[in-house]
Amino acid sequence: MFFRFLGFFLSLFCVPHALKADPLALAADAPRLDVVLHDGSTVNLGSAYDAGTVLVYFYPKADTPGCTAQACSLRDAFATLGDQGVRVFGASGDKPEKQAAFREKYKLPFDLIADDKGKLMSAFGVPNFANISARQAFLVRDGKIVWRDTKASTEKQAQDVIAALATLPAAK
């Protein structure tokens with residue numbers, strides 16, 4: 001049992017940040033993938049990008065302390081983000097059922113992506129180990145990466161996103 005816990009701890013907190021991956025560069029095309037949401041439905045991220053500014057943020061595991069703080073930060077600022085035309089997607093390697101339970105438990109008003117095959121993590125260049133991702137965030141506007149945070153905060157994720165939005169040119 002101890003080794004199982006130790007392995008989980010290392011993969012969750014240490015290994016994802018130690019792995020090297022190249023996150024998408026600023027001005028790069030954002031991945032236009034079909035993704036599975038918490039409710040089992042599918043959405044095309046390209047269509048979301050075409051509709052306005054999108055935040056795609058990655059977190060290691062649903063319903064863990066840091067991931068909960070990160071999600072609740074965005075939940076609490078959801079109206080402000082919405083007023084700025086931002087659609088929010090949270091993504092982790094969890095299955096849809098786990099994402100749905102996490103979303104319901106914390107009353108998250110945005111969609112959660114069940115990236116249990118790791119395709120979205122890979123497409124964004126987010127480091128992961130055993131499908132547990134590093135904590136990162138990307139703003140997409142007009143289909144391009146306009147901001148990225150490769151060391152995304154937990155409690156201050158929304159503040160960081162709002163500050164980044166203030167530095168960007170107005171959306172078309």
# chains A, B, ... in the order shown; residues from 1 in each chain; ligands from 1

call {"tool": "residues_around", "arguments": {"residues": "region 76-93 of chain A", "least_positions_apart": "2", "cutoff": "8 Å", "atoms": "only C-alpha atoms", "output": "JSON, numbers by chain"}}
result
{"A": [48, 52, 53, 54, 55, 56, 57, 58, 59, 60, 61, 62, 71, 72, 73, 74, 95, 109, 110, 111, 112, 113, 114, 115, 116, 117, 118, 131, 132, 133, 158, 162]}

call {"tool": "write_last_selection", "arguments": {"atoms": "N, CA and C atoms", "output": "short mmCIF file (atom, residue, chain, number, x, y, z; two decimals), in the first residue's frame"}}
result
data_model
loop_
_atom_site.label_atom_id
_atom_site.label_comp_id
_atom_site.auth_asym_id
_atom_site.auth_seq_id
_atom_site.Cartn_x
_atom_site.Cartn_y
_atom_site.Cartn_z
N ALA A 48 -15.50 25.79 -31.00
CA ALA A 48 -15.48 26.68 -29.83
C ALA A 48 -14.55 27.87 -30.08
N GLY A 52 -15.27 32.39 -30.25
CA GLY A 52 -14.73 33.40 -29.34
C GLY A 52 -13.50 32.92 -28.61
N THR A 53 -13.15 33.63 -27.56
CA THR A 53 -11.97 33.31 -26.76
C THR A 53 -12.25 32.08 -25.90
N VAL A 54 -11.27 31.19 -25.84
CA VAL A 54 -11.42 29.94 -25.09
C VAL A 54 -10.23 29.78 -24.15
N LEU A 55 -10.52 29.40 -22.91
CA LEU A 55 -9.49 28.99 -21.96
C LEU A 55 -9.54 27.47 -21.87
N VAL A 56 -8.41 26.84 -22.16
CA VAL A 56 -8.27 25.40 -21.93
C VAL A 56 -7.22 25.27 -20.84
N TYR A 57 -7.65 24.75 -19.70
CA TYR A 57 -6.68 24.58 -18.62
C TYR A 57 -6.61 23.10 -18.25
N PHE A 58 -5.41 22.68 -17.90
CA PHE A 58 -5.14 21.28 -17.58
C PHE A 58 -4.84 21.15 -16.09
N TYR A 59 -5.33 20.09 -15.50
CA TYR A 59 -5.07 19.80 -14.09
C TYR A 59 -4.81 18.31 -13.95
N PRO A 60 -4.01 17.93 -12.94
CA PRO A 60 -3.60 16.52 -12.81
C PRO A 60 -4.73 15.52 -12.57
N LYS A 61 -5.62 15.80 -11.62
CA LYS A 61 -6.60 14.79 -11.23
C LYS A 61 -7.81 15.46 -10.58
N ALA A 62 -8.99 15.09 -11.04
CA ALA A 62 -10.22 15.65 -10.49
C ALA A 62 -10.35 15.34 -9.00
N ALA A 71 -10.01 24.81 -10.03
CA ALA A 71 -11.35 24.82 -10.63
C ALA A 71 -12.27 25.81 -9.92
N CYS A 72 -12.20 25.87 -8.60
CA CYS A 72 -13.07 26.78 -7.86
C CYS A 72 -12.68 28.24 -8.08
N SER A 73 -11.40 28.50 -8.31
CA SER A 73 -10.96 29.85 -8.67
C SER A 73 -11.66 30.29 -9.94
N LEU A 74 -11.69 29.41 -10.93
CA LEU A 74 -12.34 29.73 -12.20
C LEU A 74 -13.87 29.77 -12.05
N LYS A 95 -11.79 9.93 -16.51
CA LYS A 95 -12.89 9.47 -17.36
C LYS A 95 -14.11 10.40 -17.16
N PRO A 109 -19.49 25.61 -13.39
CA PRO A 109 -20.41 26.01 -14.46
C PRO A 109 -19.83 25.86 -15.86
N PHE A 110 -18.68 25.24 -16.00
CA PHE A 110 -18.03 25.08 -17.30
C PHE A 110 -17.81 23.61 -17.59
N ASP A 111 -17.50 23.34 -18.84
CA ASP A 111 -17.31 21.96 -19.29
C ASP A 111 -15.96 21.41 -18.87
N LEU A 112 -15.95 20.12 -18.51
CA LEU A 112 -14.71 19.41 -18.21
C LEU A 112 -14.48 18.37 -19.29
N ILE A 113 -13.26 18.33 -19.78
CA ILE A 113 -12.89 17.39 -20.84
C ILE A 113 -12.29 16.15 -20.20
N ALA A 114 -12.79 15.00 -20.62
CA ALA A 114 -12.28 13.71 -20.15
C ALA A 114 -11.23 13.24 -21.16
N ASP A 115 -9.99 13.62 -20.93
CA ASP A 115 -8.89 13.30 -21.85
C ASP A 115 -8.21 12.00 -21.41
N ASP A 116 -9.00 10.95 -21.23
CA ASP A 116 -8.46 9.71 -20.68
C ASP A 116 -7.54 8.95 -21.64
N LYS A 117 -7.46 9.39 -22.86
CA LYS A 117 -6.50 8.80 -23.81
C LYS A 117 -5.28 9.72 -24.00
N GLY A 118 -5.32 10.91 -23.41
CA GLY A 118 -4.18 11.82 -23.45
C GLY A 118 -3.97 12.55 -24.77
N ASN A 131 -0.90 9.53 -17.72
CA ASN A 131 -2.10 10.31 -18.03
C ASN A 131 -2.49 11.29 -16.92
N ILE A 132 -1.53 11.63 -16.09
CA ILE A 132 -1.72 12.67 -15.08
C ILE A 132 -0.92 13.87 -15.57
N SER A 133 -1.63 14.94 -15.91
CA SER A 133 -0.99 16.07 -16.59
C SER A 133 -0.35 17.05 -15.63
N ALA A 158 -7.75 32.05 -11.91
CA ALA A 158 -8.65 33.04 -12.53
C ALA A 158 -8.01 34.42 -12.58
N ILE A 162 -7.45 36.58 -15.97
CA ILE A 162 -8.02 37.92 -16.11
C ILE A 162 -6.92 38.95 -16.38
#

call {"tool": "select_by_dssp", "arguments": {"residues": "region 18-140 of chain A", "states": "helix (DSSP H, G or I)", "output": "NGL selection string"}}
result
:A and (18 or 45-51 or 65-76 or 78-83 or 96-105 or 119-124)

call {"tool": "write_last_selection", "arguments": {"atoms": "N, CA and C atoms", "output": "tab-separated table (two decimals), in the first residue's frame"}}
result
chain	number	residue	atom	x	y	z
A	18	ALA	N	8.67	17.29	-14.06
A	18	ALA	CA	10.04	16.96	-14.43
A	18	ALA	C	10.13	16.52	-15.90
A	45	LEU	N	-13.35	21.38	-30.49
A	45	LEU	CA	-12.73	22.59	-29.96
A	45	LEU	C	-12.58	23.66	-31.03
A	46	GLY	N	-12.37	23.27	-32.28
A	46	GLY	CA	-12.27	24.24	-33.36
A	46	GLY	C	-13.51	25.10	-33.46
A	47	SER	N	-14.68	24.50	-33.30
A	47	SER	CA	-15.93	25.27	-33.33
A	47	SER	C	-15.99	26.23	-32.16
A	48	ALA	N	-15.50	25.79	-31.00
A	48	ALA	CA	-15.48	26.68	-29.83
A	48	ALA	C	-14.55	27.87	-30.08
A	49	TYR	N	-13.37	27.61	-30.67
A	49	TYR	CA	-12.43	28.69	-30.97
A	49	TYR	C	-13.05	29.69	-31.94
A	50	ASP	N	-13.79	29.17	-32.91
A	50	ASP	CA	-14.40	30.05	-33.91
A	50	ASP	C	-15.48	30.95	-33.30
A	51	ALA	N	-16.01	30.55	-32.15
A	51	ALA	CA	-17.08	31.31	-31.50
A	51	ALA	C	-16.56	32.38	-30.55
A	65	PRO	N	-6.86	18.27	-3.91
A	65	PRO	CA	-6.85	19.62	-3.34
A	65	PRO	C	-6.44	20.74	-4.30
A	66	GLY	N	-5.30	20.62	-4.96
A	66	GLY	CA	-4.86	21.68	-5.87
A	66	GLY	C	-5.78	21.85	-7.06
A	67	CYS	N	-6.23	20.74	-7.60
A	67	CYS	CA	-7.12	20.79	-8.77
A	67	CYS	C	-8.47	21.39	-8.40
A	68	THR	N	-8.93	21.11	-7.20
A	68	THR	CA	-10.18	21.69	-6.73
A	68	THR	C	-10.02	23.20	-6.55
A	69	ALA	N	-8.92	23.63	-5.95
A	69	ALA	CA	-8.68	25.07	-5.77
A	69	ALA	C	-8.62	25.78	-7.12
A	70	GLN	N	-7.96	25.16	-8.09
A	70	GLN	CA	-7.85	25.76	-9.42
A	70	GLN	C	-9.24	25.88	-10.06
A	71	ALA	N	-10.01	24.81	-10.03
A	71	ALA	CA	-11.35	24.82	-10.63
A	71	ALA	C	-12.27	25.81	-9.92
A	72	CYS	N	-12.20	25.87	-8.60
A	72	CYS	CA	-13.07	26.78	-7.86
A	72	CYS	C	-12.68	28.24	-8.08
A	73	SER	N	-11.40	28.50	-8.31
A	73	SER	CA	-10.96	29.85	-8.67
A	73	SER	C	-11.66	30.29	-9.94
A	74	LEU	N	-11.69	29.41	-10.93
A	74	LEU	CA	-12.34	29.73	-12.20
A	74	LEU	C	-13.87	29.77	-12.05
A	75	ARG	N	-14.40	28.90	-11.22
A	75	ARG	CA	-15.85	28.93	-10.95
A	75	ARG	C	-16.25	30.28	-10.36
A	76	ASP	N	-15.49	30.74	-9.39
A	76	ASP	CA	-15.83	31.97	-8.70
A	76	ASP	C	-15.69	33.20	-9.59
A	78	PHE	N	-16.28	32.97	-12.93
A	78	PHE	CA	-16.92	32.57	-14.18
A	78	PHE	C	-17.71	33.72	-14.82
A	79	ALA	N	-18.44	34.49	-14.02
A	79	ALA	CA	-19.22	35.60	-14.58
A	79	ALA	C	-18.30	36.65	-15.20
A	80	THR	N	-17.21	36.96	-14.53
A	80	THR	CA	-16.25	37.93	-15.06
A	80	THR	C	-15.65	37.43	-16.36
A	81	LEU	N	-15.27	36.17	-16.39
A	81	LEU	CA	-14.71	35.59	-17.62
A	81	LEU	C	-15.76	35.59	-18.73
A	82	GLY	N	-16.97	35.25	-18.38
A	82	GLY	CA	-18.05	35.26	-19.37
A	82	GLY	C	-18.31	36.65	-19.92
A	83	ASP	N	-18.24	37.65	-19.05
A	83	ASP	CA	-18.42	39.03	-19.50
A	83	ASP	C	-17.35	39.43	-20.51
A	96	PRO	N	-15.06	10.35	-18.09
A	96	PRO	CA	-16.22	11.24	-17.99
A	96	PRO	C	-16.97	11.15	-16.66
A	97	GLU	N	-17.12	9.96	-16.11
A	97	GLU	CA	-17.86	9.80	-14.86
A	97	GLU	C	-17.19	10.55	-13.71
A	98	LYS	N	-15.87	10.48	-13.66
A	98	LYS	CA	-15.11	11.17	-12.61
A	98	LYS	C	-15.22	12.69	-12.81
A	99	GLN	N	-15.15	13.13	-14.07
A	99	GLN	CA	-15.27	14.56	-14.36
A	99	GLN	C	-16.68	15.06	-13.99
A	100	ALA	N	-17.69	14.26	-14.30
A	100	ALA	CA	-19.07	14.66	-13.99
A	100	ALA	C	-19.27	14.79	-12.48
A	101	ALA	N	-18.73	13.85	-11.72
A	101	ALA	CA	-18.86	13.90	-10.26
A	101	ALA	C	-18.12	15.12	-9.69
A	102	PHE	N	-16.95	15.41	-10.21
A	102	PHE	CA	-16.16	16.58	-9.79
A	102	PHE	C	-16.93	17.86	-10.10
A	103	ARG	N	-17.46	17.94	-11.29
A	103	ARG	CA	-18.21	19.12	-11.73
A	103	ARG	C	-19.43	19.34	-10.83
A	104	GLU	N	-20.14	18.29	-10.56
A	104	GLU	CA	-21.35	18.38	-9.74
A	104	GLU	C	-21.00	18.74	-8.29
A	105	LYS	N	-20.01	18.09	-7.73
A	105	LYS	CA	-19.64	18.30	-6.33
A	105	LYS	C	-19.29	19.77	-6.05
A	119	LYS	N	-4.93	12.48	-25.66
A	119	LYS	CA	-4.76	13.12	-26.98
A	119	LYS	C	-4.67	14.65	-26.88
A	120	LEU	N	-5.49	15.25	-26.03
A	120	LEU	CA	-5.47	16.70	-25.91
A	120	LEU	C	-4.18	17.17	-25.22
A	121	MET	N	-3.78	16.46	-24.18
A	121	MET	CA	-2.51	16.79	-23.52
A	121	MET	C	-1.37	16.77	-24.53
A	122	SER	N	-1.33	15.73	-25.32
A	122	SER	CA	-0.30	15.60	-26.33
A	122	SER	C	-0.36	16.72	-27.36
A	123	ALA	N	-1.56	17.03	-27.82
A	123	ALA	CA	-1.73	18.06	-28.84
A	123	ALA	C	-1.30	19.44	-28.35
A	124	PHE	N	-1.52	19.72	-27.07
A	124	PHE	CA	-1.11	21.00	-26.49
A	124	PHE	C	0.34	20.96	-26.00

call {"tool": "residues_around", "arguments": {"residues": "Val161 (chain A)", "least_positions_apart": "2", "cutoff": "9 Å", "atoms": "only C-alpha atoms", "output": "compact mmCIF listing (two decimals) with N, CA and C atoms, in the first residue's frame"}}
result
# COMPACT_ATOMS: atom_id res chain seq x y z
N LEU A 55 -10.52 29.40 -22.91
CA LEU A 55 -9.49 28.99 -21.96
C LEU A 55 -9.54 27.47 -21.87
N LEU A 81 -15.27 36.17 -16.39
CA LEU A 81 -14.71 35.59 -17.62
C LEU A 81 -15.76 35.59 -18.73
N ALA A 137 -2.21 26.18 -18.56
CA ALA A 137 -3.40 26.85 -19.08
C ALA A 137 -3.05 27.59 -20.37
N PHE A 138 -4.03 27.65 -21.27
CA PHE A 138 -3.86 28.28 -22.58
C PHE A 138 -5.10 29.10 -22.92
N LEU A 139 -4.89 30.32 -23.38
CA LEU A 139 -5.97 31.12 -23.94
C LEU A 139 -5.85 31.04 -25.45
N TRP A 147 -1.97 33.19 -25.13
CA TRP A 147 -1.37 33.24 -23.79
C TRP A 147 -1.23 31.81 -23.32
N ASP A 149 0.33 29.51 -19.76
CA ASP A 149 0.86 29.50 -18.41
C ASP A 149 1.32 28.07 -18.13
N LYS A 156 -5.01 31.04 -7.67
CA LYS A 156 -5.01 32.29 -8.42
C LYS A 156 -5.15 32.10 -9.93
N GLN A 157 -5.61 30.95 -10.36
CA GLN A 157 -5.73 30.70 -11.80
C GLN A 157 -6.61 31.76 -12.48
N ALA A 158 -7.75 32.05 -11.91
CA ALA A 158 -8.65 33.04 -12.53
C ALA A 158 -8.01 34.42 -12.58
N GLN A 159 -7.34 34.83 -11.51
CA GLN A 159 -6.68 36.13 -11.50
C GLN A 159 -5.63 36.21 -12.60
N ALA A 163 -5.80 38.82 -15.69
CA ALA A 163 -4.67 39.73 -15.93
C ALA A 163 -4.15 39.57 -17.36
N ALA A 164 -4.06 38.34 -17.84
CA ALA A 164 -3.60 38.10 -19.21
C ALA A 164 -4.57 38.71 -20.22
N LEU A 165 -5.84 38.55 -19.99
CA LEU A 165 -6.84 39.12 -20.90
C LEU A 165 -6.70 40.64 -21.02
N ALA A 166 -6.35 41.28 -19.91
CA ALA A 166 -6.20 42.73 -19.91
C ALA A 166 -5.04 43.20 -20.79

call {"tool": "atom_distance", "arguments": {"atom1": "CA of Tyr106 (chain A)", "atom2": "CA of Leu24 (chain A)"}}
result
29.7 Å

call {"tool": "closest_residue", "arguments": {"among": "A:Ala171, A:Leu108, A:Ala152, A:Val140", "to": "Asp29 (chain A)", "atoms": "only C-alpha atoms"}}
result
A:Val140

call {"tool": "closest_residue", "arguments": {"among": "A:Leu168, A:Val43, A:Ala134, A:Leu33", "to": "Thr154 (chain A)", "atoms": "only C-alpha atoms"}}
result
A:Ala134

call {"tool": "atom_distance", "arguments": {"atom1": "CA of Asn44 (chain A)", "atom2": "CA of Ala25 (chain A)"}}
result
21.2 Å

call {"tool": "decode", "arguments": {"residues": "region 27-72 of chain A", "atoms": "C-alpha atoms", "output": "compact mmCIF listing (two decimals), in the first residue's frame"}}
result
# COMPACT_ATOMS: atom_id res chain seq x y z
CA ALA A 27 0.64 32.36 -32.10
CA ALA A 28 0.59 28.61 -32.86
CA ASP A 29 -2.64 27.08 -34.14
CA ALA A 30 -4.62 25.57 -31.27
CA PRO A 31 -5.56 21.89 -31.65
CA ARG A 32 -8.93 21.45 -33.36
CA LEU A 33 -9.89 18.11 -31.86
CA ASP A 34 -13.16 16.45 -31.02
CA VAL A 35 -13.12 15.94 -27.24
CA VAL A 36 -15.35 14.04 -24.84
CA LEU A 37 -16.97 16.08 -22.09
CA HIS A 38 -17.98 15.16 -18.55
CA ASP A 39 -21.47 14.16 -19.71
CA GLY A 40 -20.17 11.85 -22.46
CA SER A 41 -21.05 14.26 -25.26
CA THR A 42 -18.50 15.35 -27.84
CA VAL A 43 -17.54 18.89 -28.79
CA ASN A 44 -15.18 20.14 -31.49
CA LEU A 45 -12.73 22.59 -29.96
CA GLY A 46 -12.27 24.24 -33.36
CA SER A 47 -15.93 25.27 -33.33
CA ALA A 48 -15.48 26.68 -29.83
CA TYR A 49 -12.43 28.69 -30.97
CA ASP A 50 -14.40 30.05 -33.91
CA ALA A 51 -17.08 31.31 -31.50
CA GLY A 52 -14.73 33.40 -29.34
CA THR A 53 -11.97 33.31 -26.76
CA VAL A 54 -11.42 29.94 -25.09
CA LEU A 55 -9.49 28.99 -21.96
CA VAL A 56 -8.27 25.40 -21.93
CA TYR A 57 -6.68 24.58 -18.62
CA PHE A 58 -5.14 21.28 -17.58
CA TYR A 59 -5.07 19.80 -14.09
CA PRO A 60 -3.60 16.52 -12.81
CA LYS A 61 -6.60 14.79 -11.23
CA ALA A 62 -10.22 15.65 -10.49
CA ASP A 63 -11.23 16.17 -6.85
CA THR A 64 -7.72 16.55 -5.44
CA PRO A 65 -6.85 19.62 -3.34
CA GLY A 66 -4.86 21.68 -5.87
CA CYS A 67 -7.12 20.79 -8.77
CA THR A 68 -10.18 21.69 -6.73
CA ALA A 69 -8.68 25.07 -5.77
CA GLN A 70 -7.85 25.76 -9.42
CA ALA A 71 -11.35 24.82 -10.63
CA CYS A 72 -13.07 26.78 -7.86
